[in-house]
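Chemist: Pasting in a structure now, in structure tokens, and then I'll have a few things to ask.
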Amino acid sequence: MILLLIPFVVGSQNIDLILHNGKIFTAEPDKTSATAIAVKGKRIYRIGDESILDLRGPNTIVIDLKGKFCMPGLIEGHGHMNGLGASLNSIDLLDAQSWDEAIHAVKLKVAESNKGRWIEGRGWHQEKFKKLPLDAVGGYPSQASISAVSPDNPVILVHASGHALFANAKAMSLAGIDRNTPDPAGGKIIRDKNGNPTGIFEENAMELFAALRSSIEQNLNPDEQYQSWERNMQAAQELCLKNGITSFHDAGVSVKDFANYVRYAEQGQMTVRMYLMLLDSIKNIESIEDRLPMKGHYNGFLTVRAIKQFIDGALGSHGAWLLKPYTDKPALTGQNVLDLQSLSDFAEYALNHHLQLCVHAIGDRGNREVLNIYESAIMSQRDHDNLRWRIEHAQHVSPEDLGRFGKLGIIASMQAVHCTSDAPYVTKRLGEERARTESYMWRSLIDSGAHLANGTDTPVEKENPFDCIYSAVTRKRKDTGLEFYPEQKMTREEALLSYTLWNAYAAFEEDLKGSIKVGKLADLIVTDRDLLKCPESKIPDTKVVMTILNGKIVYQQ
Ligand SMILES: [Zn+2]
């Protein structure tokens with residue numbers, strides 16, 4: 001008999017990664033204090049103190065955190081991944097100090113674009129220009145200079161305010177706009193002294209380009225469409241990892257985009273875990289229903305088990321559906337954008353196909369109607385509080401309805417940063433009483449036992465999670481310091497949970513991620529400051545030093 005002597009090797013557990021000497025926020029309820037984590041493969045193997053270093057083997061990567069803060073990877077609870085990418089791939093004119101800079105930026109984009117490709121930019125503001133071009137009309141530059149550098153590519157440059165846009169001659173001619181086009185209701189076309197449009201379209205006149213945009217997209221051949229989608233994904237994912245976002249709930253994906261996601265995932269290109277909410281007709285969703293629900297496919301990068309719908313619009317544009325009229329427009333109560341019967345049909349479809357339903361509701365009437373539909377659909381179900389249906393935004397909720405979220409197990413999927421962005425006009429729209437008792441009521445919702453999710457709705461807002469966490473814990477604008485009913489603040493810990501474990505719960509993934517726990521996925525981030533203890537004012541500037549996903553370092557500062 002041959003006796004094999006196997007020497008005892010320290011670290012024979014094949015530990016791949018050890019992080020030690022850190023301040024670790026586990027997001028677990030027991031609040032165990034830990035300074036070190038061992039990772040084996042994709043998962044967390046052990047959590048503890050410096051004695052974890054004893055697990056080190058010859059191939060273990062050991063990282064000394066030098067006292068830095070480490071927490072679970074962040075989960076964006078409501079955003080638009082491809083829209084974020086599209087915004088990154090468009091021209092950023094926020095810092096343009098002259099119209100010439102805008103022209104130059106367009107010229108560069110034209111040089112790298114195929115003829116006819118739609119070119120978009122945003123962020124210019126004539127008030128920031130040191131001087132205006134000679135042919136300016138009404139304080140705005142006119143289209144000739146940009147048409148000269150982009151004769152064949154339609155160009156749209158959205159004003160920093162979002163309330164006006166600039167179009168070049170190609171864009172106007174494709175949209176069928178000329179001197180005979182009348183100003184639409186609620187909008188204005190700026191014209192020169194001869195009555196010709198100068199390229200500036202204010203408010204509702206911007207809509208004149210909406211149909212053009214989608215027709216241009218459709219005119220690309222399928223490969224070109226996919227390439228443009230892919231380019232957006234790459235840019236958006238890269239930015240997410242830089243911000244510590246390891247998972248992302250995409251709040252509105254058409255069946256066509258679903259196919260793009262599958263193709264992208266099949267090629268192994270996904271670097272952020274995606275949770276998709278399908279936004280399409282029942283007929284289109286039926287065409288892929290044999291593949292649903294899809295849970296953690298492609299190495300845990302793609303989950304599709306939710307559908308999205310809208311009941312109303314937004315508060316800023318008086319589109320939120322209210323129980324009582326707007327304070328600043330007493331004839332209006334907002335817009336119901338999908339009739340209640342159709343929404344009930346979606347609810348039934350979701351129930352029959354084991355899909356989560358996520359409905360956008362901003363106004364108090366919108367929220368009440370969605371709660372009513374949810375209640376009648378789910379109360380017949382045995383496991384109704386585990387259906388985890390969501391209301392996206394849940395922004396203005398009547399005090400009478402607040403308790404229904406917790407009672408029915410409905411998730412309030414809120415975006416803390418919307419509160420501080422909207423703060424300057426909420427009271428104008430709704431009056432003091434509704435602003436105080438109905439708006440962004442996350443404290444009341446948490447206290448009444450509701451599950452919350454948190455996110456930014458990027459690219460509607462910047463994707464920066466730390467701005468959003470700052471809004472959640474201060475309800476203060478970081479620029480002006482304006483504070484919006486601070487009694488509804490979250491605690492620091494709640495805000496971190498809202499970006500980790502709570503968002504995992506909202507996607508049925510709390511057993512897999514969202515906290516640092518043995519057996520869970522090793523999705524972790526290290527930040528340059530202690531998010532539980534740093535001064536409040538320092539939260540927005542937080543930098544992610546390292547992002548780890550599936551146990552691998554995927555971003556390092
Ligand atoms: Zn959204």
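All residue names refer to the structure tokens as shown: chains lettered A, B, ... in order, residues numbered from 1 in each chain, ligands numbered from 1 in order.
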Can you list every residue in stretch 276-310 of chain A that DSSP puts in alpha helix (DSSP H), as a ChimeraX atom specification?
Modeler: /A:282-286,297-300
Chemist: If you count only C-alpha atoms, which residues fall within 12 Å of A:Leu134, apart from same-chain ones fewer than 6 positions away, as a VMD selection string?
Modeler: chain A and resid 99 to 100 140 to 142 144 to 145
Chemist: Rounded to one decimal place, report the atom CA of A:Glu369-atom CA of A:Leu343 distance in Å.
Modeler: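 According to the coordinates, atom CA of A:Glu369 and atom CA of A:Leu343 are separated by 9.8 Å.
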Chemist: Can you pull out the residues contacting stretch 422-439 of chain A? Cut-off 8 Å, using only C-alpha atoms, and skip same-chain residues under 3 positions away; I want them as JSON, numbers by chain.
Modeler: {"A": [315, 316, 318, 326, 327, 328, 329, 364, 395, 396, 397, 398, 399, 418, 419, 482, 483, 484, 485]}
Chemist: Please, could you write that set of residues out with N, CA and C atoms as a CSV table (one decimal), in the first residue's frame?
Modeler:
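The result, stored in out_7.csv:
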chain,number,residue,atom,x,y,z
A,315,LEU,N,-45.5,65.1,-12.3
A,315,LEU,CA,-46.0,66.2,-11.6
A,315,LEU,C,-45.6,67.5,-12.3
A,316,GLY,N,-44.4,67.6,-12.7
A,316,GLY,CA,-43.8,68.8,-13.3
A,316,GLY,C,-44.7,69.3,-14.5
A,318,HIS,N,-47.9,68.6,-15.0
A,318,HIS,CA,-49.3,68.5,-14.6
A,318,HIS,C,-49.9,67.3,-15.1
A,326,TYR,N,-55.0,70.7,-9.3
A,326,TYR,CA,-53.8,71.3,-9.1
A,326,TYR,C,-54.0,72.7,-8.5
A,327,THR,N,-53.1,73.0,-7.5
A,327,THR,CA,-53.2,74.3,-6.9
A,327,THR,C,-52.9,75.4,-7.9
A,328,ASP,N,-52.0,75.2,-8.8
A,328,ASP,CA,-51.6,76.2,-9.7
A,328,ASP,C,-52.4,76.1,-11.1
A,329,LYS,N,-53.2,75.1,-11.2
A,329,LYS,CA,-54.1,75.0,-12.4
A,329,LYS,C,-55.4,74.4,-12.0
A,364,ASP,N,-51.9,61.2,-6.3
A,364,ASP,CA,-52.6,60.5,-5.3
A,364,ASP,C,-53.8,59.7,-5.9
A,395,GLN,N,-45.3,58.6,-5.6
A,395,GLN,CA,-44.8,59.9,-5.2
A,395,GLN,C,-45.7,60.7,-4.3
A,396,HIS,N,-47.0,60.7,-4.6
A,396,HIS,CA,-48.0,61.5,-3.8
A,396,HIS,C,-49.1,60.5,-3.5
A,397,VAL,N,-49.2,60.2,-2.2
A,397,VAL,CA,-50.1,59.2,-1.7
A,397,VAL,C,-51.0,59.8,-0.6
A,398,SER,N,-52.3,59.7,-0.8
A,398,SER,CA,-53.2,60.2,0.2
A,398,SER,C,-52.9,59.5,1.5
A,399,PRO,N,-53.0,60.3,2.6
A,399,PRO,CA,-52.8,59.7,4.0
A,399,PRO,C,-53.7,58.5,4.2
A,418,HIS,N,-35.7,62.3,-6.6
A,418,HIS,CA,-36.8,63.0,-7.2
A,418,HIS,C,-37.4,64.1,-6.2
A,419,CYS,N,-37.4,63.7,-4.9
A,419,CYS,CA,-37.9,64.6,-3.9
A,419,CYS,C,-37.2,65.9,-3.9
A,482,LEU,N,-32.2,73.9,0.0
A,482,LEU,CA,-33.7,73.9,0.3
A,482,LEU,C,-34.1,72.5,0.8
A,483,GLU,N,-34.8,72.5,1.9
A,483,GLU,CA,-35.2,71.3,2.6
A,483,GLU,C,-36.7,71.0,2.4
A,484,PHE,N,-37.0,69.8,2.1
A,484,PHE,CA,-38.4,69.4,1.9
A,484,PHE,C,-38.9,68.5,3.0
A,485,TYR,N,-39.7,69.0,3.9
A,485,TYR,CA,-40.3,68.3,5.0
A,485,TYR,C,-39.4,67.2,5.6
Chemist: Counting only C-alpha atoms and all ligand atoms, name the residues that have an atom within 7 Å of an atom of ligand 1; the answer should be given as a PDB file with N, CA and C atoms, in the first residue's frame.
Modeler:
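Generated file (pocket_10.pdb):
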ATOM      1  N   HIS A  78     -34.636  51.518  -9.948  1.00  0.00           N
ATOM      2  CA  HIS A  78     -35.503  51.947 -11.060  1.00  0.00           C
ATOM      3  C   HIS A  78     -34.693  52.872 -11.947  1.00  0.00           C
ATOM      4  N   GLY A  79     -34.308  52.378 -13.103  1.00  0.00           N
ATOM      5  CA  GLY A  79     -33.584  53.214 -14.057  1.00  0.00           C
ATOM      6  C   GLY A  79     -33.841  52.704 -15.455  1.00  0.00           C
ATOM      7  N   HIS A  80     -33.201  53.334 -16.403  1.00  0.00           N
ATOM      8  CA  HIS A  80     -33.398  52.967 -17.809  1.00  0.00           C
ATOM      9  C   HIS A  80     -32.012  52.825 -18.419  1.00  0.00           C
ATOM     10  N   ALA A 251     -36.608  49.713 -15.784  1.00  0.00           N
ATOM     11  CA  ALA A 251     -38.045  49.931 -15.606  1.00  0.00           C
ATOM     12  C   ALA A 251     -38.759  50.243 -16.919  1.00  0.00           C
ATOM     13  N   ASP A 457     -34.041  56.666 -11.314  1.00  0.00           N
ATOM     14  CA  ASP A 457     -34.755  56.854 -12.581  1.00  0.00           C
ATOM     15  C   ASP A 457     -33.811  57.384 -13.669  1.00  0.00           C
TER      16      ASP A 457
END
Chemist: Counting only C-alpha atoms, figure out which residue out of A:Leu408, A:Val545, A:Cys358, A:Ile190 gets nearest to A:His384.
Modeler: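 Distance minimum relative to A:His384 lands on A:Leu408.
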Chemist: Hey, what's within 10 Å of A:Ala314 if we count only C-alpha atoms and toss same-chain stuff fewer than 2 positions away? As an MDAnalysis selection string, please?
Modeler: chainID A and resid 312 316:321 334:335 360:363 393 395
Chemist: Could you dump the residues just selected with N, CA, C and O atoms as a PDB file, in the first residue's frame?
Modeler:
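Done, and the output landed in out.pdb:
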ATOM      1  N   ASP A 312     -50.385  57.206 -14.933  1.00  0.00           N
ATOM      2  CA  ASP A 312     -50.466  58.661 -15.110  1.00  0.00           C
ATOM      3  C   ASP A 312     -49.134  59.223 -15.587  1.00  0.00           C
ATOM      4  O   ASP A 312     -48.235  58.465 -15.975  1.00  0.00           O
ATOM      5  N   GLY A 316     -44.353  67.604 -12.735  1.00  0.00           N
ATOM      6  CA  GLY A 316     -43.835  68.838 -13.336  1.00  0.00           C
ATOM      7  C   GLY A 316     -44.690  69.318 -14.487  1.00  0.00           C
ATOM      8  O   GLY A 316     -44.961  70.511 -14.632  1.00  0.00           O
ATOM      9  N   SER A 317     -45.156  68.382 -15.309  1.00  0.00           N
ATOM     10  CA  SER A 317     -45.944  68.739 -16.495  1.00  0.00           C
ATOM     11  C   SER A 317     -47.449  68.656 -16.227  1.00  0.00           C
ATOM     12  O   SER A 317     -48.233  68.581 -17.164  1.00  0.00           O
ATOM     13  N   HIS A 318     -47.856  68.648 -14.959  1.00  0.00           N
ATOM     14  CA  HIS A 318     -49.265  68.544 -14.566  1.00  0.00           C
ATOM     15  C   HIS A 318     -49.900  67.258 -15.077  1.00  0.00           C
ATOM     16  O   HIS A 318     -51.091  67.198 -15.354  1.00  0.00           O
ATOM     17  N   GLY A 319     -49.082  66.208 -15.216  1.00  0.00           N
ATOM     18  CA  GLY A 319     -49.609  64.940 -15.725  1.00  0.00           C
ATOM     19  C   GLY A 319     -49.967  63.960 -14.614  1.00  0.00           C
ATOM     20  O   GLY A 319     -50.676  62.985 -14.847  1.00  0.00           O
ATOM     21  N   ALA A 320     -49.488  64.191 -13.387  1.00  0.00           N
ATOM     22  CA  ALA A 320     -49.812  63.294 -12.277  1.00  0.00           C
ATOM     23  C   ALA A 320     -51.317  63.366 -12.023  1.00  0.00           C
ATOM     24  O   ALA A 320     -51.891  64.453 -11.953  1.00  0.00           O
ATOM     25  N   TRP A 321     -51.944  62.204 -11.874  1.00  0.00           N
ATOM     26  CA  TRP A 321     -53.412  62.135 -11.748  1.00  0.00           C
ATOM     27  C   TRP A 321     -53.792  62.343 -10.283  1.00  0.00           C
ATOM     28  O   TRP A 321     -53.420  61.541  -9.423  1.00  0.00           O
ATOM     29  N   GLY A 334     -54.893  66.341 -13.860  1.00  0.00           N
ATOM     30  CA  GLY A 334     -53.845  65.465 -14.411  1.00  0.00           C
ATOM     31  C   GLY A 334     -54.373  64.491 -15.448  1.00  0.00           C
ATOM     32  O   GLY A 334     -55.486  64.626 -15.926  1.00  0.00           O
ATOM     33  N   GLN A 335     -53.544  63.511 -15.778  1.00  0.00           N
ATOM     34  CA  GLN A 335     -53.838  62.608 -16.896  1.00  0.00           C
ATOM     35  C   GLN A 335     -53.891  61.161 -16.432  1.00  0.00           C
ATOM     36  O   GLN A 335     -52.959  60.680 -15.807  1.00  0.00           O
ATOM     37  N   HIS A 360     -46.324  52.538 -12.842  1.00  0.00           N
ATOM     38  CA  HIS A 360     -45.935  53.925 -12.582  1.00  0.00           C
ATOM     39  C   HIS A 360     -47.167  54.691 -12.098  1.00  0.00           C
ATOM     40  O   HIS A 360     -48.176  54.747 -12.787  1.00  0.00           O
ATOM     41  N   ALA A 361     -47.100  55.232 -10.886  1.00  0.00           N
ATOM     42  CA  ALA A 361     -48.174  56.089 -10.378  1.00  0.00           C
ATOM     43  C   ALA A 361     -47.540  57.234  -9.597  1.00  0.00           C
ATOM     44  O   ALA A 361     -46.774  57.003  -8.659  1.00  0.00           O
ATOM     45  N   ILE A 362     -47.854  58.458  -9.992  1.00  0.00           N
ATOM     46  CA  ILE A 362     -47.267  59.628  -9.325  1.00  0.00           C
ATOM     47  C   ILE A 362     -48.319  60.350  -8.477  1.00  0.00           C
ATOM     48  O   ILE A 362     -48.095  60.657  -7.316  1.00  0.00           O
ATOM     49  N   GLY A 363     -49.467  60.625  -9.046  1.00  0.00           N
ATOM     50  CA  GLY A 363     -50.488  61.397  -8.321  1.00  0.00           C
ATOM     51  C   GLY A 363     -51.236  60.561  -7.288  1.00  0.00           C
ATOM     52  O   GLY A 363     -51.214  59.334  -7.337  1.00  0.00           O
ATOM     53  N   HIS A 393     -42.572  54.911  -8.276  1.00  0.00           N
ATOM     54  CA  HIS A 393     -42.576  56.320  -7.843  1.00  0.00           C
ATOM     55  C   HIS A 393     -43.399  56.521  -6.575  1.00  0.00           C
ATOM     56  O   HIS A 393     -42.903  57.081  -5.635  1.00  0.00           O
ATOM     57  N   GLN A 395     -45.313  58.592  -5.553  1.00  0.00           N
ATOM     58  CA  GLN A 395     -44.779  59.891  -5.158  1.00  0.00           C
ATOM     59  C   GLN A 395     -45.726  60.704  -4.271  1.00  0.00           C
ATOM     60  O   GLN A 395     -45.298  61.287  -3.289  1.00  0.00           O
TER      61      GLN A 395
END
Chemist: Show which residues sit within 7 Å of A:Ser515, as a ChimeraX atom specification. Count only C-alpha atoms, and ignore same-chain residues fewer than 3 positions away.
Modeler: /A:26-28,72,500-501
Chemist: Quote the spacing between atom CA of A:Ile44 and atom CA of A:Phe466 in Å to one decimal place.
Modeler: 24.9 Å
Chemist: Taking into account only C-alpha atoms, which residue in the set A:Ile75, A:His159, A:Tyr374, A:Pro293 is nearest to A:Leu496?
Modeler: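 Distance minimum relative to A:Leu496 lands on A:Ile75.
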Chemist: Please build the interface table for stretch 61-117 of chain A against stretch 170-178 of chain A with a cut-off of 12 Å, listing for each qualifying residue the nearest atom pair and the distance in Å to one decimal; count only C-alpha atoms, order rows by chain and increasing number, and write it as a tab-separated table.
Modeler:
residue	atom	partner	partner_atom	distance
A:Lys115	CA	A:Lys170	CA	11.5
A:Gly116	CA	A:Lys170	CA	9.1
A:Arg117	CA	A:Ala171	CA	10.7
Chemist: Write the selection just made, keeping C-alpha atoms, as a tab-separated table (two decimals), in the first residue's frame?
Modeler:
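What landed in result_33.tsv:
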chain	number	residue	atom	x	y	z
A	115	LYS	CA	-24.45	59.80	-42.99
A	116	GLY	CA	-28.02	60.33	-41.89
A	117	ARG	CA	-27.44	59.17	-38.30
Chemist: Which polymer residues have any atom within 7 Å of an atom of A:Ile469, counting only C-alpha atoms, with same-chain residues fewer than 4 positions away left out, as a PyMOL selection string?
Modeler: chain A and resi 465+473+495
Chemist: Between atom CA of A:Leu524 and atom CA of A:Val262, measure the distance and give it in Å to one decimal.
Modeler: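 Result for atom CA of A:Leu524 versus atom CA of A:Val262: 25.3 Å, one decimal.
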Chemist: For A:Gly449, find every residue with an atom within 7 Å (counting only C-alpha atoms), except residues of its own chain fewer than 3 positions away, and show them as a ChimeraX atom specification.
Modeler: /A:406,445-446
